[in-house]
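Engineer: Let me give you the structure first, and then I'll get to my questions.
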Amino acid sequence: MSLSRTVAVSTSSFAEFSSEPLLLLRQAGLIPRLNPHGRTLTEDEAIALLAGCVAVAAGTEPLTARLMDALPDLKVISRCGTGLDNVDLAAAAARGIAVRHTPDAPTRAVAELALGLALGLLRHIPGMDRDMRNGLWKKRMGGLLADSKVGIVGLGRIGRATADLFLALGARTSFFDPVPPASAAPHAPLDLPDLLSWADLISLHAPRPPDNSPLLDAAAIARIKPGAFLINAARGGLVDEDALADALRSGRLAGAALDVFSREPYQGPLLLTPNTILTPHAGSYARESRILMETTAIRNLLEALCP
């Protein structure tokens, strides 16, 4: 069996809902090698999985210059997802490695998750569910999304889809984006400090800064309007999670919902903070979106490998 025809699949639940992505590989004469760990890989685990492979259908593992140097057979990185901030694009370009991604496939799934998290926070749905399971019949007063001020950080595909959903339900929307889109109407632009102090609910849909520092560090979290809610369904590490936990424990922020974390699986202080909804990086996990994302990633891989 020649390793030169082997393709690594590093995402942890690949082809769980459809066999089509693997069939596409096999029909092209390629041999898939699947992630055996059931989670995001470390750099060293990724090097081991990709050894001898000509391409990878990649997840969010670090695809660094060191990794590429260790994998001389690697010709294609096809991200199964939107972001490319885990890929050293300059290193890939210097080594002639083609990089592809699937920017459209997860858009609706992530946007709808952000909306669901917002409604869960505003109406205290998880808290009342826990109360009832613990034998407590207690009604918690919530608030309406209609006429709430929603700040979107990052108005790319997912940010815009999320803003459109909030707007359709009667919210007032503004956004911050370091690279403003050519057309953002009807969403109004604000500088980030102004957005943080204005919004009743902030939803993050931005990539990590180039230096990998939190976009919302302790100082930025301190600027958020008291009593506001924060949602991160974008990238782990966008928020200083310790500072966020402090703001939630003190009651300065009314609640937070996170689907992504600086280290996953997450084991940090937000597990014990009040009015917090935590989900395990499941933004793209709508069946329809997941199937589309995986098949698109494989089609991109095959196109780049055999142009």
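Just so we're on the same page: first chain in the structure tokens is A, next is B, and so on; residues restart at 1 for each chain, and ligands are numbered from 1 in the order they show up.
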When DSSP works through the backbone of this structure, what residues of region 63-295 of chain A end up as strand (DSSP E or B), shown as a PyMOL selection string?
Structural biologist: chain A and resi 63+76-79+87+98-100+149-153+172-176+188-189+201-204+216+229-232+239+255-258+276-278
Engineer: Quick check for you: according to DSSP on this backbone, which residues of region 50-269 of chain A are classed as alpha helix (DSSP H)? Reply as number ranges by chain.
Structural biologist: A: 50, 65-69, 89-94, 107-122, 125-133, 157-168, 192-198, 218-223, 241-249
Engineer: Hey, what's within 8 Å of Val99 (chain A) if we count only C-alpha atoms and toss same-chain stuff fewer than 3 positions away? As a tab-separated table (two decimals) with C-alpha atoms, in the first residue's frame, please?
Structural biologist:
```
chain	number	residue	atom	x	y	z
A	76	VAL	CA	-2.84	20.00	-0.06
A	77	ILE	CA	-4.48	21.29	3.12
A	78	SER	CA	-8.26	21.38	2.73
A	79	ARG	CA	-9.88	22.91	5.81
A	89	LEU	CA	-0.44	30.35	5.20
A	92	ALA	CA	2.28	26.70	3.07
```
Engineer: Could you build a table of the residues in region 152-240 of chain A lying no more than 9 Å from region 278-297 of chain A, giving for each the nearest pair of atoms and their separation in Å rounded to one decimal place, using only C-alpha atoms, ordered by chain and ascending residue number, as a tab-separated table?
Structural biologist:
```
residue	atom	partner	partner_atom	distance
A:Ala233	CA	A:Gly283	CA	6.6
A:Ala234	CA	A:Gly283	CA	8.4
A:Gly236	CA	A:His281	CA	9.0
```
Engineer: Those same residues, written as a PDB file, in the first residue's frame with C-alpha atoms?
Structural biologist:
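out20.pdb, freshly written:
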```pdb
ATOM      1  CA  ALA A 233     -19.243  31.070  18.521  1.00  0.00           C
ATOM      2  CA  ALA A 234     -16.234  32.092  16.426  1.00  0.00           C
ATOM      3  CA  GLY A 236     -11.300  29.990  20.925  1.00  0.00           C
TER       4      GLY A 236
END
```
Engineer: Can you work out the spacing between CA of Asn232 (chain A) and CA of Val56 (chain A) in Å, to one decimal?
Structural biologist: 27.3 Å
Engineer: Which residues of region 47-118 of chain A have any atom within 12 Å of an atom in region 137-161 of chain A when counting only C-alpha atoms, and what is the closest pair of atoms for each, with the distance in Å to one decimal? Order the rows by chain and rising number and write it as a tab-separated table.
Structural biologist:
```
residue	atom	partner	partner_atom	distance
A:Gly81	CA	A:Ile158	CA	11.7
A:Thr82	CA	A:Ile158	CA	9.1
A:Gly83	CA	A:Ile158	CA	10.9
A:Thr102	CA	A:Arg157	CA	11.4
A:Pro103	CA	A:Arg157	CA	7.7
A:Asp104	CA	A:Arg157	CA	7.3
A:Ala105	CA	A:Ile158	CA	10.1
A:Pro106	CA	A:Ile158	CA	8.1
A:Thr107	CA	A:Ile158	CA	5.0
A:Arg108	CA	A:Ala161	CA	6.9
A:Ala109	CA	A:Ile158	CA	9.0
A:Val110	CA	A:Ile158	CA	6.9
A:Ala111	CA	A:Ala161	CA	6.0
A:Glu112	CA	A:Ala161	CA	8.7
A:Leu113	CA	A:Ile158	CA	10.9
A:Ala114	CA	A:Gly159	CA	9.8
A:Leu115	CA	A:Leu145	CA	9.7
A:Gly116	CA	A:Leu145	CA	11.1
A:Leu117	CA	A:Leu145	CA	11.6
A:Ala118	CA	A:Leu145	CA	8.1
```
Engineer: Considering only C-alpha atoms, state which residue in the set A:Thr60, A:Gly127, A:Arg100, A:Asn86 is at the smallest distance from Ile298 (chain A).
Structural biologist: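 Using only C-alpha atoms, Ile298 (chain A) sits closest to A:Arg100.
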Engineer: What's around Ala188 (chain A) at 9 Å? Count only C-alpha atoms, leave out sequence neighbours fewer than 4 positions away in its own chain, and write the answer as a PyMOL selection string.
Structural biologist: chain A and resi 173-176+184
Engineer: Please produce a file of those selected residues containing N, CA and C atoms, as a PDB file, in the first residue's frame.
Structural biologist:
```pdb
ATOM      1  N   THR A 173     -29.186  46.384  15.303  1.00  0.00           N
ATOM      2  CA  THR A 173     -27.861  45.799  15.100  1.00  0.00           C
ATOM      3  C   THR A 173     -26.840  46.847  14.680  1.00  0.00           C
ATOM      4  N   SER A 174     -25.639  46.720  15.251  1.00  0.00           N
ATOM      5  CA  SER A 174     -24.466  47.450  14.802  1.00  0.00           C
ATOM      6  C   SER A 174     -23.303  46.464  14.771  1.00  0.00           C
ATOM      7  N   PHE A 175     -22.220  46.865  14.133  1.00  0.00           N
ATOM      8  CA  PHE A 175     -21.102  45.931  14.007  1.00  0.00           C
ATOM      9  C   PHE A 175     -19.777  46.670  14.063  1.00  0.00           C
ATOM     10  N   PHE A 176     -18.740  45.900  14.421  1.00  0.00           N
ATOM     11  CA  PHE A 176     -17.355  46.339  14.273  1.00  0.00           C
ATOM     12  C   PHE A 176     -16.633  45.312  13.420  1.00  0.00           C
ATOM     13  N   ALA A 184     -22.640  47.127   4.121  1.00  0.00           N
ATOM     14  CA  ALA A 184     -23.055  46.538   5.389  1.00  0.00           C
ATOM     15  C   ALA A 184     -24.501  46.836   5.728  1.00  0.00           C
TER      16      ALA A 184
END
```
Engineer: CA of Leu195 (chain A) to CA of Leu271 (chain A): how many Å, to one decimal?
Structural biologist: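 A separation of 27.1 Å between them.
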Engineer: Could you check which of A:Leu258, A:Leu248, A:Ala199, A:Leu49 is closest to Leu272 (chain A), using only C-alpha atoms?
Structural biologist: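 Closest to Leu272 (chain A), using only C-alpha atoms: A:Leu248.
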Engineer: Fewer than 5 positions away in the same chain doesn't count, so skip those; otherwise give me all residues within 9 Å of Pro269 (chain A), counting only C-alpha atoms, as a compact mmCIF listing (two decimals) with C-alpha atoms, in the first residue's frame.
Structural biologist:
```txt
# COMPACT_ATOMS: atom_id res chain seq x y z
CA GLU A 241 -11.75 33.49 29.68
CA ASP A 242 -10.43 34.20 33.19
CA ALA A 245 -15.35 34.47 34.50
CA ASP A 246 -14.51 37.29 36.93
```
Engineer: With distances taken over only C-alpha atoms, which of A:Val9, A:Ala55, A:Ala168, A:Leu253 is nearest to Lys225 (chain A)?
Structural biologist: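 Comparing A:Val9, A:Ala55, A:Ala168, A:Leu253 against Lys225 (chain A), the winner is A:Leu253.
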Engineer: Mind checking which residues fall within 12 Å of Ala90 (chain A), counting only C-alpha atoms, ignoring those fewer than 3 positions away in the same chain, and posting them as a JSON list (two decimals) with N, CA and C atoms, in the first residue's frame?
Structural biologist:
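The result, written out as out_3.json:
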```json
[["chain", "number", "residue", "atom", "x", "y", "z"],
["A", 63, "LEU", "N", -1.53, 23.77, 12.12],
["A", 63, "LEU", "CA", -0.82, 23.36, 10.90],
["A", 63, "LEU", "C", 0.30, 24.38, 10.67],
["A", 64, "THR", "N", 1.41, 24.12, 11.31],
["A", 64, "THR", "CA", 2.50, 25.08, 11.45],
["A", 64, "THR", "C", 3.62, 24.81, 10.45],
["A", 65, "ALA", "N", 4.57, 25.75, 10.40],
["A", 65, "ALA", "CA", 5.75, 25.55, 9.57],
["A", 65, "ALA", "C", 6.53, 24.31, 10.02],
["A", 68, "MET", "N", 4.78, 21.31, 8.62],
["A", 68, "MET", "CA", 5.00, 21.17, 7.17],
["A", 68, "MET", "C", 6.40, 20.69, 6.86],
["A", 84, "LEU", "N", -9.03, 29.96, 8.69],
["A", 84, "LEU", "CA", -7.70, 29.48, 8.32],
["A", 84, "LEU", "C", -6.64, 29.97, 9.31],
["A", 85, "ASP", "N", -7.08, 30.45, 10.48],
["A", 85, "ASP", "CA", -6.11, 31.00, 11.42],
["A", 85, "ASP", "C", -5.26, 29.93, 12.10],
["A", 86, "ASN", "N", -5.61, 28.65, 11.95],
["A", 86, "ASN", "CA", -4.75, 27.59, 12.48],
["A", 86, "ASN", "C", -3.73, 27.12, 11.45],
["A", 87, "VAL", "N", -3.77, 27.70, 10.25],
["A", 87, "VAL", "CA", -2.84, 27.31, 9.18],
["A", 87, "VAL", "C", -1.82, 28.42, 8.97],
["A", 93, "ALA", "N", 2.51, 28.53, 1.49],
["A", 93, "ALA", "CA", 2.83, 29.11, 0.19],
["A", 93, "ALA", "C", 4.30, 28.90, -0.16],
["A", 94, "ALA", "N", 5.17, 29.06, 0.82],
["A", 94, "ALA", "CA", 6.61, 28.91, 0.57],
["A", 94, "ALA", "C", 6.97, 27.48, 0.19],
["A", 95, "ARG", "N", 6.17, 26.52, 0.64],
["A", 95, "ARG", "CA", 6.45, 25.10, 0.38],
["A", 95, "ARG", "C", 5.60, 24.55, -0.75],
["A", 96, "GLY", "N", 4.82, 25.42, -1.40],
["A", 96, "GLY", "CA", 4.00, 24.97, -2.52],
["A", 96, "GLY", "C", 2.81, 24.11, -2.13],
["A", 97, "ILE", "N", 2.36, 24.26, -0.89],
["A", 97, "ILE", "CA", 1.21, 23.49, -0.41],
["A", 97, "ILE", "C", -0.06, 24.30, -0.67],
["A", 98, "ALA", "N", -0.99, 23.72, -1.42],
["A", 98, "ALA", "CA", -2.26, 24.39, -1.71],
["A", 98, "ALA", "C", -3.13, 24.36, -0.46],
["A", 99, "VAL", "N", -3.83, 25.47, -0.21],
["A", 99, "VAL", "CA", -4.73, 25.57, 0.95],
["A", 99, "VAL", "C", -6.12, 25.95, 0.46]]
```
Engineer: Quick check, in Å to one decimal: how far apart do CA of Ala48 (chain A) and CA of Ala8 (chain A) lie?
Structural biologist: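 One can read the CA of Ala48 (chain A) to CA of Ala8 (chain A) distance as 10.2 Å.
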Engineer: Between A:Leu41, A:Val54, A:Ile31, A:Ala218, single out the one closest to Leu238 (chain A), counting only C-alpha atoms.
Structural biologist: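 Closest residue, counting only C-alpha atoms: A:Ala218.
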